[in-house]
>>> print(open('target_11.txt').read())   # compact mmCIF, C-alpha atoms
# COMPACT_ATOMS: atom_id res chain seq x y z
CA MET A 159 0.00 0.00 0.00
CA SER A 160 2.88 2.38 0.73
CA ALA A 161 3.97 2.10 -2.90
CA ILE A 162 0.52 3.23 -4.04
CA TRP A 163 0.49 6.21 -1.72
CA GLY A 164 3.95 7.12 -2.96
CA MET A 165 2.57 8.15 -6.36
CA SER A 166 2.52 11.85 -7.26
CA ILE A 167 -0.17 14.33 -8.21
CA ASP A 168 0.25 17.36 -10.44
CA PRO A 169 0.00 20.93 -9.04
CA SER A 170 -3.52 21.63 -10.31
CA ARG A 171 -4.86 18.45 -8.73
CA ARG A 172 -2.85 19.19 -5.57
CA HIS A 173 -4.55 22.59 -5.36
CA PHE A 174 -7.96 20.97 -5.79
CA LEU A 175 -7.30 18.32 -3.13
CA THR A 176 -5.95 20.94 -0.72
CA PHE A 177 -9.22 22.83 -1.09
CA LEU A 178 -11.23 19.65 -0.46
CA ALA A 179 -9.18 18.62 2.55
CA GLY A 180 -9.96 21.88 4.30
CA SER A 181 -13.58 22.13 3.19
CA PRO A 182 -16.50 21.50 5.59
CA LEU A 183 -18.25 19.84 2.65
CA LEU A 184 -15.88 16.89 3.10
CA ALA A 185 -17.29 15.95 6.47
CA ALA A 186 -20.84 16.77 5.44
CA ALA A 187 -20.54 14.35 2.54
CA GLY A 188 -19.20 11.61 4.81
CA LEU A 189 -15.92 11.30 2.89
CA ASP A 190 -12.74 10.22 4.62
CA GLU A 191 -10.36 13.17 5.10
CA SER A 192 -7.39 10.79 5.33
CA VAL A 193 -7.80 9.92 1.64
CA PHE A 194 -7.09 13.50 0.64
CA SER A 195 -4.43 14.06 3.27
CA ARG A 196 -2.45 11.02 2.14
CA LEU A 197 -2.82 12.01 -1.50
CA LEU A 198 -1.33 15.41 -0.65
CA GLN A 199 1.70 13.67 0.88
CA ALA A 200 2.42 11.79 -2.37
CA SER A 201 5.79 12.03 -4.11
CA ASP A 202 6.55 12.08 -7.85
CA GLY A 203 5.11 9.26 -9.97
CA PRO A 204 2.13 8.32 -12.20
CA ARG A 205 -1.53 8.65 -11.26
CA THR A 206 -3.18 5.71 -9.49
CA ARG A 207 -6.64 4.18 -9.68
CA LEU A 208 -7.19 5.11 -6.03
CA ASP A 209 -6.19 8.68 -6.84
CA ASP A 210 -8.69 8.84 -9.69
CA THR A 211 -11.43 7.27 -7.57
CA ALA A 212 -10.96 9.86 -4.83
CA LEU A 213 -11.24 12.68 -7.33
CA GLN A 214 -14.32 11.16 -8.95
CA LEU A 215 -16.04 10.86 -5.58
CA ALA A 216 -15.12 14.40 -4.67
CA GLN A 217 -16.49 15.75 -7.93
CA GLN A 218 -19.87 14.00 -7.67
CA ILE A 219 -22.89 16.15 -6.96
CA ARG A 220 -24.27 15.86 -3.42
CA THR A 221 -27.76 17.20 -4.02
CA ALA A 222 -30.08 17.10 -7.01
CA GLY A 223 -29.97 20.87 -7.19
CA GLU A 224 -26.23 20.86 -7.93
CA ALA A 225 -26.66 19.06 -11.25
CA LEU A 226 -25.84 21.03 -14.38
CA ASP A 227 -27.11 18.33 -16.76
CA VAL A 228 -28.60 14.85 -16.58
CA PHE A 229 -25.17 13.21 -16.86
CA ASP A 230 -24.31 14.49 -13.37
CA PHE A 231 -26.74 11.98 -11.88
CA GLU A 232 -25.22 8.89 -13.50
CA PRO A 233 -22.11 8.42 -11.30
CA VAL A 234 -24.09 9.02 -8.12
CA ALA A 235 -26.72 6.50 -9.16
CA LYS A 236 -24.05 3.96 -10.10
CA GLN A 237 -22.51 4.33 -6.64
CA ASN A 238 -25.90 3.83 -4.94
CA ILE A 239 -27.35 0.99 -7.01
CA PRO A 240 -26.27 -2.67 -6.50
CA VAL A 241 -23.94 -3.81 -9.24
CA ALA A 242 -26.30 -6.43 -10.72
CA HIS A 243 -29.12 -3.89 -10.82
CA TRP A 244 -26.82 -1.37 -12.46
CA GLY A 245 -25.93 -3.96 -15.08
CA TYR A 246 -29.65 -4.46 -15.83
CA LEU A 247 -30.07 -0.70 -16.32
CA ALA A 248 -26.91 -0.10 -18.31
CA THR A 249 -27.00 -3.13 -20.59
CA GLY A 250 -27.63 -3.10 -24.28
CA THR A 251 -27.37 -6.19 -26.41
CA ASP A 252 -24.18 -7.88 -27.66
CA ASP A 253 -21.44 -5.23 -27.37
CA ASP A 254 -23.88 -2.39 -26.52
CA ALA A 255 -23.08 -0.72 -29.84
CA THR A 256 -26.68 0.34 -30.49
CA ILE A 257 -26.71 2.31 -27.23
CA GLN A 258 -23.78 4.29 -28.63
CA ALA A 259 -25.47 4.57 -32.02
CA ASN A 260 -28.54 6.13 -30.42
CA ARG A 261 -26.40 8.91 -28.96
CA GLN A 262 -24.27 9.37 -32.06
CA GLY A 263 -27.37 9.72 -34.20
CA PHE A 264 -28.04 13.17 -32.81
CA ASP A 265 -24.62 14.33 -34.00
CA ARG A 266 -25.74 13.84 -37.60
CA TRP A 267 -27.99 16.88 -37.27
CA ALA A 268 -26.99 20.47 -36.59
CA MET A 269 -29.14 23.41 -35.52
CA ARG A 270 -30.06 26.37 -37.75
CA PRO A 271 -30.76 29.16 -35.25
CA ARG A 272 -32.98 32.07 -36.33
CA ARG A 273 -32.63 35.57 -34.90
CA LEU A 274 -34.72 38.63 -34.04
CA ILE A 275 -37.90 36.72 -33.25
CA ASP A 276 -39.78 37.50 -30.05
CA VAL A 277 -39.40 34.31 -27.97
CA SER A 278 -40.27 35.83 -24.61
CA ARG A 279 -43.29 33.51 -24.38
CA LEU A 280 -43.20 29.82 -25.31
CA ASP A 281 -45.88 27.18 -25.71
CA THR A 282 -44.34 23.72 -25.34
CA SER A 283 -47.63 21.92 -24.72
CA VAL A 284 -48.85 18.78 -26.49
CA SER A 285 -52.16 16.90 -26.32
CA TRP A 286 -52.46 13.14 -26.14
CA PHE A 287 -55.89 11.60 -26.59
CA GLY A 288 -57.67 14.55 -25.00
CA THR A 289 -55.18 15.25 -22.20
CA LYS A 290 -52.90 18.27 -22.46
CA TYR A 291 -49.35 18.19 -21.11
CA PRO A 292 -46.99 21.18 -20.81
CA THR A 293 -44.11 19.28 -22.41
CA PRO A 294 -43.58 16.67 -25.14
CA ILE A 295 -41.11 14.79 -22.90
CA ILE A 296 -42.64 11.46 -21.82
CA VAL A 297 -41.52 9.38 -18.83
CA ASN A 298 -41.01 6.10 -20.67
CA PRO A 299 -41.64 2.63 -19.23
CA LEU A 300 -38.70 1.01 -17.47
CA GLY A 301 -39.19 -2.11 -15.37
CA SER A 302 -38.12 -3.08 -11.85
CA GLN A 303 -37.64 0.45 -10.54
CA LYS A 304 -37.54 -0.69 -6.90
CA ALA A 305 -34.19 -2.19 -7.88
CA PHE A 306 -32.94 1.40 -8.08
CA ASN A 307 -34.82 3.07 -5.21
CA PRO A 308 -37.09 1.66 -2.47
CA LEU A 309 -40.12 3.62 -3.73
CA GLY A 310 -39.48 2.74 -7.36
CA GLU A 311 -42.27 3.71 -9.73
CA ILE A 312 -44.17 5.48 -6.94
CA ALA A 313 -41.39 8.07 -6.70
CA THR A 314 -41.33 8.36 -10.49
CA ALA A 315 -45.10 8.81 -10.67
CA ARG A 316 -45.02 11.49 -7.99
CA ALA A 317 -42.29 13.31 -9.90
CA ALA A 318 -44.36 13.04 -13.08
CA LYS A 319 -47.28 14.53 -11.16
CA THR A 320 -45.21 17.42 -9.81
CA LYS A 321 -43.81 18.25 -13.25
CA ASP A 322 -47.00 17.20 -15.12
CA HIS A 323 -45.46 14.70 -17.55
CA LEU A 324 -47.16 11.82 -19.31
CA MET A 325 -45.95 8.55 -17.75
CA VAL A 326 -45.97 5.02 -19.18
CA LEU A 327 -45.80 2.03 -16.79
CA SER A 328 -44.06 -1.24 -17.66
CA THR A 329 -45.72 -4.65 -17.44
CA VAL A 330 -42.77 -5.70 -15.27
CA ALA A 331 -42.95 -2.67 -13.00
CA THR A 332 -42.53 -3.24 -9.28
CA THR A 333 -45.66 -1.11 -8.75
CA SER A 334 -49.19 -1.94 -9.86
CA ILE A 335 -51.02 0.10 -12.46
CA GLU A 336 -53.57 1.06 -9.80
CA ASP A 337 -50.93 2.41 -7.41
CA ALA A 338 -49.08 4.19 -10.21
CA ILE A 339 -52.22 6.04 -11.33
CA GLU A 340 -52.99 6.99 -7.73
CA ALA A 341 -49.45 8.33 -7.22
CA ARG A 342 -49.50 10.16 -10.56
CA GLY A 343 -52.90 11.66 -9.80
CA GLY A 344 -53.83 11.35 -13.46
CA PRO A 345 -53.66 9.14 -16.55
CA VAL A 346 -50.83 6.63 -16.85
CA TRP A 347 -50.37 4.58 -20.01
CA PHE A 348 -49.47 0.89 -19.81
CA GLN A 349 -46.72 -0.84 -21.76
CA LEU A 350 -47.80 -4.39 -22.60
CA TYR A 351 -45.37 -7.28 -23.02
CA HIS A 352 -46.51 -10.40 -24.83
CA GLN A 353 -47.82 -13.20 -22.61
CA SER A 354 -47.92 -16.87 -23.53
CA ASP A 355 -51.63 -17.14 -22.65
CA TRP A 356 -54.21 -14.92 -24.37
CA ALA A 357 -56.62 -15.60 -21.49
CA VAL A 358 -54.16 -13.81 -19.16
CA THR A 359 -53.56 -11.01 -21.64
CA LYS A 360 -57.31 -10.30 -21.87
CA GLN A 361 -57.59 -10.08 -18.09
CA MET A 362 -54.55 -7.82 -17.88
CA VAL A 363 -55.92 -5.47 -20.54
CA LYS A 364 -59.31 -5.27 -18.79
CA ARG A 365 -57.59 -4.58 -15.47
CA VAL A 366 -55.52 -1.76 -16.94
CA GLU A 367 -58.58 -0.25 -18.60
CA LYS A 368 -60.60 -0.46 -15.38
CA ALA A 369 -57.78 1.23 -13.47
CA GLY A 370 -58.13 4.27 -15.74
CA ALA A 371 -55.31 3.94 -18.26
CA PRO A 372 -56.33 5.65 -21.52
CA ALA A 373 -53.79 3.87 -23.71
CA ILE A 374 -51.77 0.69 -24.01
CA ALA A 375 -48.46 0.34 -25.87
CA PHE A 376 -47.63 -3.15 -27.10
CA THR A 377 -43.87 -3.71 -27.22
CA VAL A 378 -42.66 -5.60 -30.30
CA ASP A 379 -38.89 -5.10 -30.33
CA LEU A 380 -38.03 -7.90 -27.87
CA LEU A 381 -40.07 -10.70 -29.42
CA GLY A 382 -36.89 -12.19 -30.88
CA GLY A 383 -35.00 -11.98 -27.58
CA SER A 384 -31.80 -10.09 -26.80
CA ASN A 385 -28.27 -11.02 -25.74
CA ARG A 386 -27.56 -8.84 -22.71
CA GLU A 387 -23.88 -9.44 -22.08
CA THR A 388 -23.28 -6.38 -19.89
CA MET A 389 -26.12 -7.39 -17.58
CA ILE A 390 -24.70 -10.89 -17.17
CA ARG A 391 -21.13 -9.68 -16.55
CA GLU A 392 -22.24 -7.20 -13.91
CA ALA A 393 -24.51 -9.75 -12.22
CA ARG A 394 -21.50 -12.06 -11.76
CA LYS A 395 -19.87 -9.36 -9.63
CA ASP A 396 -22.83 -9.20 -7.23
CA THR A 397 -22.17 -11.17 -4.05
CA ARG A 398 -25.54 -10.53 -2.39
CA THR A 399 -28.09 -13.24 -1.62
CA CYS A 400 -30.92 -12.46 -4.01
CA THR A 401 -33.48 -15.13 -3.10
CA LYS A 402 -35.83 -12.59 -1.49
CA CYS A 403 -36.51 -11.14 -4.92
CA HIS A 404 -35.35 -13.62 -7.55
CA LEU A 405 -36.05 -17.29 -8.09
CA GLY A 406 -32.89 -19.30 -7.49
CA GLY A 407 -31.07 -16.28 -6.10
CA ALA A 408 -29.98 -15.01 -9.52
CA PRO A 409 -31.21 -11.68 -10.87
CA LEU A 410 -33.94 -11.86 -13.51
CA PRO A 411 -35.02 -11.25 -16.24
CA GLY A 412 -32.69 -13.47 -18.20
CA VAL A 413 -30.83 -12.96 -21.43
CA SER A 414 -33.82 -13.74 -23.63
CA GLY A 415 -35.46 -10.41 -22.89
CA ARG A 416 -38.83 -12.14 -22.47
CA VAL A 417 -40.83 -11.70 -19.30
CA ASP A 418 -40.03 -14.59 -16.96
CA ASP A 419 -43.29 -15.65 -15.31
CA ARG A 420 -41.79 -18.18 -12.87
CA ASP A 421 -41.30 -15.65 -10.08
CA ASN A 422 -43.59 -12.64 -9.96
CA ARG A 423 -43.29 -11.62 -6.31
CA ARG A 424 -42.10 -8.16 -7.32
CA LYS A 425 -44.24 -7.82 -10.46
CA PRO A 426 -47.76 -6.94 -9.28
CA ASN A 427 -49.10 -6.41 -12.80
CA LEU A 428 -48.48 -10.08 -13.59
CA VAL A 429 -50.40 -11.55 -10.63
CA GLY A 430 -53.91 -11.60 -9.22
CA TYR A 431 -55.78 -12.97 -12.24
CA GLN A 432 -58.53 -15.59 -12.15
CA LYS A 433 -57.72 -19.02 -13.42
CA ALA A 434 -59.36 -19.46 -16.78
CA THR A 435 -59.21 -21.98 -19.56
CA PRO A 436 -55.82 -21.32 -21.17
CA ILE A 437 -55.71 -19.94 -24.68
CA PRO A 438 -52.07 -20.59 -25.58
CA GLU A 439 -50.42 -18.29 -28.08
CA VAL A 440 -49.07 -20.15 -31.10
CA GLY A 441 -45.71 -18.75 -32.14
CA THR A 442 -44.71 -15.13 -31.73
CA PRO A 443 -47.21 -12.33 -32.43
CA THR A 444 -48.09 -11.15 -35.93
CA TRP A 445 -50.37 -8.36 -37.12
CA GLU A 446 -53.28 -10.66 -36.25
CA PHE A 447 -52.38 -10.13 -32.59
CA ILE A 448 -52.70 -6.35 -33.05
CA ASP A 449 -56.19 -6.82 -34.50
CA ARG A 450 -57.12 -9.04 -31.56
CA LEU A 451 -55.72 -6.54 -29.05
CA LYS A 452 -57.65 -3.65 -30.55
CA GLN A 453 -60.88 -5.65 -30.47
CA SER A 454 -60.38 -6.48 -26.80
CA THR A 455 -60.34 -2.90 -25.45
CA SER A 456 -61.68 0.62 -25.83
CA MET A 457 -58.27 2.04 -24.88
CA LYS A 458 -56.04 3.56 -27.51
CA VAL A 459 -53.56 0.98 -28.82
CA LEU A 460 -50.01 1.98 -29.76
CA ILE A 461 -47.09 -0.15 -30.91
CA LYS A 462 -43.67 0.36 -29.34
CA GLY A 463 -40.60 -0.68 -31.33
CA ILE A 464 -41.36 0.27 -34.94
CA VAL A 465 -38.31 1.43 -36.94
CA THR A 466 -39.21 1.01 -40.63
CA ALA A 467 -41.59 2.65 -43.12
CA GLU A 468 -43.08 -0.71 -44.10
CA ASP A 469 -44.13 -1.56 -40.55
CA ALA A 470 -45.34 1.99 -39.94
CA ASP A 471 -47.63 1.73 -42.97
CA LEU A 472 -48.93 -1.65 -41.80
CA ALA A 473 -49.60 -0.23 -38.34
CA VAL A 474 -51.79 2.49 -39.81
CA LYS A 475 -53.65 -0.05 -41.96
CA HIS A 476 -54.34 -2.14 -38.86
CA GLY A 477 -55.86 0.83 -37.08
CA VAL A 478 -53.09 1.50 -34.55
CA ASP A 479 -53.50 4.82 -32.72
CA GLY A 480 -49.82 5.75 -32.44
CA LEU A 481 -46.24 4.49 -32.61
CA PHE A 482 -43.04 4.54 -30.59
CA VAL A 483 -39.95 4.63 -32.78
CA SER A 484 -37.78 2.59 -30.46
CA ASN A 485 -35.04 -0.03 -30.20
CA HIS A 486 -35.59 -0.43 -26.46
CA GLY A 487 -32.77 1.98 -25.65
CA GLY A 488 -30.31 -0.28 -27.49
CA ARG A 489 -31.52 -3.34 -25.55
CA ALA A 490 -33.35 -5.02 -28.46
CA GLU A 491 -31.68 -5.81 -31.78
CA ASN A 492 -28.06 -4.76 -32.23
CA SER A 493 -28.85 -2.89 -35.44
CA HIS A 494 -26.27 -0.12 -34.94
CA ARG A 495 -29.03 2.20 -36.16
CA ALA A 496 -30.14 5.20 -34.10
CA THR A 497 -33.84 5.75 -33.53
CA ILE A 498 -33.42 9.40 -34.56
CA THR A 499 -32.21 7.98 -37.91
CA SER A 500 -35.25 5.70 -38.15
CA LEU A 501 -37.69 8.49 -37.28
CA PRO A 502 -37.99 10.15 -40.75
CA GLU A 503 -38.56 6.78 -42.39
CA VAL A 504 -41.31 5.84 -39.93
CA LEU A 505 -43.01 9.21 -40.43
CA LEU A 506 -42.88 8.62 -44.17
CA GLY A 507 -44.59 5.27 -43.64
CA THR A 508 -47.36 6.80 -41.52
CA GLU A 509 -47.81 9.76 -43.86
CA ARG A 510 -48.46 11.73 -40.66
CA ARG A 511 -51.78 9.91 -40.17
CA ILE A 512 -51.04 8.94 -36.56
CA PRO A 513 -48.85 10.48 -33.82
CA VAL A 514 -45.30 9.21 -33.36
CA ILE A 515 -43.12 9.15 -30.24
CA CYS A 516 -39.36 8.69 -30.54
CA ASP A 517 -37.18 7.29 -27.75
CA GLY A 518 -33.59 6.10 -27.43
CA GLY A 519 -30.55 8.09 -26.33
CA PHE A 520 -32.24 11.39 -25.45
CA ARG A 521 -30.00 13.24 -22.99
CA ARG A 522 -30.14 16.92 -24.00
CA GLY A 523 -32.74 19.54 -24.82
CA THR A 524 -31.18 19.85 -28.26
CA ASP A 525 -31.85 16.13 -28.79
CA VAL A 526 -35.52 16.77 -28.08
CA PHE A 527 -35.55 19.74 -30.45
CA LYS A 528 -34.01 17.75 -33.31
CA ALA A 529 -36.62 14.98 -32.96
CA MET A 530 -39.43 17.53 -32.93
CA ALA A 531 -37.95 19.21 -36.02
CA LEU A 532 -37.95 15.84 -37.80
CA GLY A 533 -41.64 15.45 -37.01
CA ALA A 534 -42.00 13.57 -33.72
CA THR A 535 -45.12 14.32 -31.67
CA SER A 536 -43.28 13.59 -28.41
CA ILE A 537 -40.09 11.95 -27.18
CA GLY A 538 -39.51 9.41 -24.41
CA ILE A 539 -36.72 9.19 -21.86
CA GLY A 540 -35.65 6.17 -19.81
CA ARG A 541 -32.19 5.86 -18.29
CA PRO A 542 -31.76 9.59 -17.42
CA TYR A 543 -34.70 9.70 -15.03
CA ILE A 544 -33.60 6.40 -13.50
CA TRP A 545 -30.19 8.00 -12.86
CA GLY A 546 -32.08 10.69 -10.98
CA LEU A 547 -34.16 8.09 -9.14
CA GLY A 548 -31.12 6.06 -8.13
CA ALA A 549 -29.22 9.16 -7.04
CA PHE A 550 -31.84 11.15 -5.11
CA GLY A 551 -35.23 9.46 -5.40
CA GLN A 552 -38.22 11.54 -6.42
CA GLU A 553 -36.24 14.76 -6.14
CA GLY A 554 -33.70 13.39 -8.60
CA VAL A 555 -36.38 12.45 -11.13
CA GLU A 556 -37.90 15.92 -10.84
CA ALA A 557 -34.49 17.51 -11.35
CA VAL A 558 -33.81 15.45 -14.48
CA LEU A 559 -37.17 16.42 -15.97
CA GLY A 560 -36.58 20.06 -15.07
CA LEU A 561 -33.13 20.15 -16.67
CA LEU A 562 -34.32 18.61 -19.92
CA ARG A 563 -37.25 20.99 -20.14
CA LYS A 564 -35.02 23.98 -19.45
CA GLU A 565 -32.53 22.93 -22.11
CA PHE A 566 -35.32 22.29 -24.62
CA GLU A 567 -36.77 25.74 -24.01
CA VAL A 568 -33.35 27.33 -24.54
CA ALA A 569 -33.01 25.44 -27.83
CA MET A 570 -36.44 26.67 -28.90
CA LYS A 571 -35.60 30.28 -28.08
CA GLN A 572 -32.24 30.13 -29.83
CA SER A 573 -33.99 28.77 -32.90
CA GLY A 574 -36.70 31.42 -32.90
CA THR A 575 -39.52 28.93 -32.30
CA ARG A 576 -42.36 29.83 -29.96
CA SER A 577 -44.42 26.63 -30.10
CA LEU A 578 -43.96 22.99 -31.04
CA ALA A 579 -45.74 23.69 -34.32
CA ASP A 580 -43.07 26.27 -35.15
CA ILE A 581 -40.30 23.65 -35.02
CA THR A 582 -39.75 22.32 -38.53
CA LEU A 583 -37.09 20.78 -40.75
CA LYS A 584 -35.96 24.30 -41.60
CA HIS A 585 -34.45 24.55 -38.10
CA ILE A 586 -31.98 21.66 -38.54
CA THR A 587 -29.52 20.59 -41.21
CA PRO A 588 -27.34 17.51 -41.80
CA ALA A 589 -24.10 18.00 -39.89
>>> encode(input="target_11.txt", output="structure tokens")
Amino acid sequence: MSAIWGMSIDPSRRHFLTFLAGSPLLAAAGLDESVFSRLLQASDGPRTRLDDTALQLAQQIRTAGEALDVFDFEPVAKQNIPVAHWGYLATGTDDDATIQANRQGFDRWAMRPRRLIDVSRLDTSVSWFGTKYPTPIIVNPLGSQKAFNPLGEIATARAAKTKDHLMVLSTVATTSIEDAIEARGGPVWFQLYHQSDWAVTKQMVKRVEKAGAPAIAFTVDLLGGSNRETMIREARKDTRTCTKCHLGGAPLPGVSGRVDDRDNRRKPNLVGYQKATPIPEVGTPTWEFIDRLKQSTSMKVLIKGIVTAEDADLAVKHGVDGLFVSNHGGRAENSHRATITSLPEVLLGTERRIPVICDGGFRRGTDVFKAMALGATSIGIGRPYIWGLGAFGQEGVEAVLGLLRKEFEVAMKQSGTRSLADITLKHITPA
């Protein structure tokens, strides 16, 4: 250990560590002063991993209000969340390349700011099936949120209520649709995963409708499964006993990406149904399933996971009420294709006959602006608000939503756009 502490630090880092060592914030944050004192005593030599770790911890935000952007929440959340749970959140499929592609897709578009337009008053509102929201930013479905914070989806729903965002709840949420709607104090949509028994699906749909959900989004991008290597690697590092939550003690869901119905103790939307004569599904769903789903409910039916013009056109022909352009945040197919790249093609396929939501990789207000300029009705976020949840609970989710809305409004003002309708293709250009 003495050899490690014998490594040096450069003058700028020495100055920073000297400031930290004497700061009352050090004690308030619960950090060990000896780490910084011993670093200051270092002699000449290369940087060490321990040195870098100390600096990273010192530079993390300590309250949600300190965040300058949504990325500030990620390292705090990673520190707070168990490693296997973090792997579930962070994973893509295969080498996670499509996660990177989603982010890089925004770099293919540049802004075309307009000047000398009065942007002192903005209207960022959007209406969904008769309900008006002050922002097009949707709190997307993401399962198992109690893996990231004890309140899970309840905290998220309360944040969505405070900030008045549309929220979509996952089939595999750790909170029931009834409790989510109560916490949200308003409509919550439901994301439906395919079940092996149509008799169960019918009961689930009726339950969601009775609870007050106005819309259901059937997810189609995981029907072929996914190879979640990052999730598996991180789970191997977790030394906890997981039998309280997971069958066999190993974190679920598994690599297939399908809902595992063997152990639903923490999935209230998958339990509580009457035993009925099974109606087994034969094969994976086709467009016939969409027809069946629409006939089974008065709720609006959307499809989540459409990325091509052909499928968008078919969706319209089958009477679908809206689409999510989505690759499951890079967790579905490893296409290496960004959703923002797929968006224009999908809109071409719909011929603007139905509304379209785009999700995948949104981290900045400018990302939101570019999607709106391309023609999206709304956009969805996933990991960023979970970073906020894992870091600071409900307050963190609220802060993430607030930052994205603030950045989006700045982008609108800089572009001379006063409403969502004002944002057009003329405000962006290929980079």
>>> atom_distance(input="target_11.txt", atom1="atom CA of A:Ser536", atom2="atom CA of A:Val234")
28.3 Å
>>> closest_residue(input="target_11.txt", among="A:Ala375, A:Ala268, A:Ile581, A:Met570", to="A:Leu481", atoms="all atoms listed in the file")
A:Ala375
>>> closest_residue(input="target_11.txt", among="A:Val346, A:Val284, A:Ile312, A:Ala473", to="A:Leu547", atoms="all atoms listed in the file")
A:Ile312
>>> residues_around(input="target_11.txt", residues="A:Thr435", least_positions_apart="2", cutoff="8 Å", atoms="all atoms listed in the file", output="list in words")
Ala357, Lys433 and Ile437 of chain A
>>> write_last_selection(input="target_11.txt", atoms="C-alpha atoms", output="PDB file, in the coordinates of the input")
ATOM      1  CA  ALA A 357     -56.620 -15.600 -21.490  1.00  0.00           C
ATOM      2  CA  LYS A 433     -57.720 -19.020 -13.420  1.00  0.00           C
ATOM      3  CA  ILE A 437     -55.710 -19.940 -24.680  1.00  0.00           C
TER       4      ILE A 437
END
>>> atom_distance(input="target_11.txt", atom1="atom CA of A:Arg522", atom2="atom CA of A:Asp227")
8.0 Å
>>> residues_around(input="target_11.txt", residues="stretch 236-252 of chain A", least_positions_apart="3", cutoff="9 Å", atoms="all atoms listed in the file", output="JSON, numbers by chain")
{"A": [231, 232, 233, 255, 256, 257, 300, 305, 306, 307, 384, 385, 386, 387, 388, 389, 390, 391, 392, 393, 394, 395, 396, 398, 409, 410, 411, 486, 487, 488, 489, 490, 491, 492, 541, 544, 545, 548, 549]}
>>> atom_distance(input="target_11.txt", atom1="atom CA of A:Gly518", atom2="atom CA of A:Asp254")
12.9 Å
>>> residues_near_point(input="target_11.txt", point="(-45.9, 7.9, -34.9)", cutoff="8 Å", atoms="all atoms listed in the file", output="list in words")
Ala470, Gly480, Leu481, Phe482, Val483, Val504, Leu505, Thr508, Arg510, Ile512, Pro513, Val514, Ile515, Cys516, Ala534 and Thr535 of chain A
>>> closest_residue(input="target_11.txt", among="A:Val363, A:Met457, A:Ala222, A:Ala341", to="A:Thr320", atoms="only C-alpha atoms")
A:Ala341
>>> residues_around(input="target_11.txt", residues="A:Val277", least_positions_apart="3", cutoff="8 Å", atoms="all atoms listed in the file", output="VMD selection string")
chain A and resid 280 571 574 to 576
>>> residues_near_point(input="target_11.txt", point="(-35.1, 33.9, -35.0)", cutoff="8 Å", atoms="all atoms listed in the file", output="JSON, numbers by chain")
{"A": [271, 272, 273, 274, 275, 276, 571, 572, 573, 574, 575]}
>>> closest_residue(input="target_11.txt", among="A:Val297, A:Val465, A:Ala313, A:Val429", to="A:Val378", atoms="all atoms listed in the file")
A:Val465
>>> residues_around(input="target_11.txt", residues="A:Ala529", least_positions_apart="2", cutoff="10 Å", atoms="all atoms listed in the file", output="number ranges by chain")
A: 264, 267, 497-499, 501-502, 515-517, 520, 524-527, 531-537, 581-583, 586
>>> closest_residue(input="target_11.txt", among="A:Leu350, A:Met269, A:Leu506, A:Leu226", to="A:Thr587", atoms="all atoms listed in the file")
A:Met269
>>> residues_around(input="target_11.txt", residues="stretch 330-334 of chain A", least_positions_apart="3", cutoff="12 Å", atoms="all atoms listed in the file", output="PyMOL selection string")
chain A and resi 298-315+326-327+337-341+346+348-353+362+365-366+369+371+403+410-411+415-419+421-430
>>> write_last_selection(input="target_11.txt", atoms="C-alpha atoms", output="CSV table (one decimal), keeping the file's coordinate frame")
chain,number,residue,atom,x,y,z
A,298,ASN,CA,-41.0,6.1,-20.7
A,299,PRO,CA,-41.6,2.6,-19.2
A,300,LEU,CA,-38.7,1.0,-17.5
A,301,GLY,CA,-39.2,-2.1,-15.4
A,302,SER,CA,-38.1,-3.1,-11.8
A,303,GLN,CA,-37.6,0.4,-10.5
A,304,LYS,CA,-37.5,-0.7,-6.9
A,305,ALA,CA,-34.2,-2.2,-7.9
A,306,PHE,CA,-32.9,1.4,-8.1
A,307,ASN,CA,-34.8,3.1,-5.2
A,308,PRO,CA,-37.1,1.7,-2.5
A,309,LEU,CA,-40.1,3.6,-3.7
A,310,GLY,CA,-39.5,2.7,-7.4
A,311,GLU,CA,-42.3,3.7,-9.7
A,312,ILE,CA,-44.2,5.5,-6.9
A,313,ALA,CA,-41.4,8.1,-6.7
A,314,THR,CA,-41.3,8.4,-10.5
A,315,ALA,CA,-45.1,8.8,-10.7
A,326,VAL,CA,-46.0,5.0,-19.2
A,327,LEU,CA,-45.8,2.0,-16.8
A,337,ASP,CA,-50.9,2.4,-7.4
A,338,ALA,CA,-49.1,4.2,-10.2
A,339,ILE,CA,-52.2,6.0,-11.3
A,340,GLU,CA,-53.0,7.0,-7.7
A,341,ALA,CA,-49.4,8.3,-7.2
A,346,VAL,CA,-50.8,6.6,-16.8
A,348,PHE,CA,-49.5,0.9,-19.8
A,349,GLN,CA,-46.7,-0.8,-21.8
A,350,LEU,CA,-47.8,-4.4,-22.6
A,351,TYR,CA,-45.4,-7.3,-23.0
A,352,HIS,CA,-46.5,-10.4,-24.8
A,353,GLN,CA,-47.8,-13.2,-22.6
A,362,MET,CA,-54.6,-7.8,-17.9
A,365,ARG,CA,-57.6,-4.6,-15.5
A,366,VAL,CA,-55.5,-1.8,-16.9
A,369,ALA,CA,-57.8,1.2,-13.5
A,371,ALA,CA,-55.3,3.9,-18.3
A,403,CYS,CA,-36.5,-11.1,-4.9
A,410,LEU,CA,-33.9,-11.9,-13.5
A,411,PRO,CA,-35.0,-11.2,-16.2
A,415,GLY,CA,-35.5,-10.4,-22.9
A,416,ARG,CA,-38.8,-12.1,-22.5
A,417,VAL,CA,-40.8,-11.7,-19.3
A,418,ASP,CA,-40.0,-14.6,-17.0
A,419,ASP,CA,-43.3,-15.6,-15.3
A,421,ASP,CA,-41.3,-15.6,-10.1
A,422,ASN,CA,-43.6,-12.6,-10.0
A,423,ARG,CA,-43.3,-11.6,-6.3
A,424,ARG,CA,-42.1,-8.2,-7.3
A,425,LYS,CA,-44.2,-7.8,-10.5
A,426,PRO,CA,-47.8,-6.9,-9.3
A,427,ASN,CA,-49.1,-6.4,-12.8
A,428,LEU,CA,-48.5,-10.1,-13.6
A,429,VAL,CA,-50.4,-11.6,-10.6
A,430,GLY,CA,-53.9,-11.6,-9.2
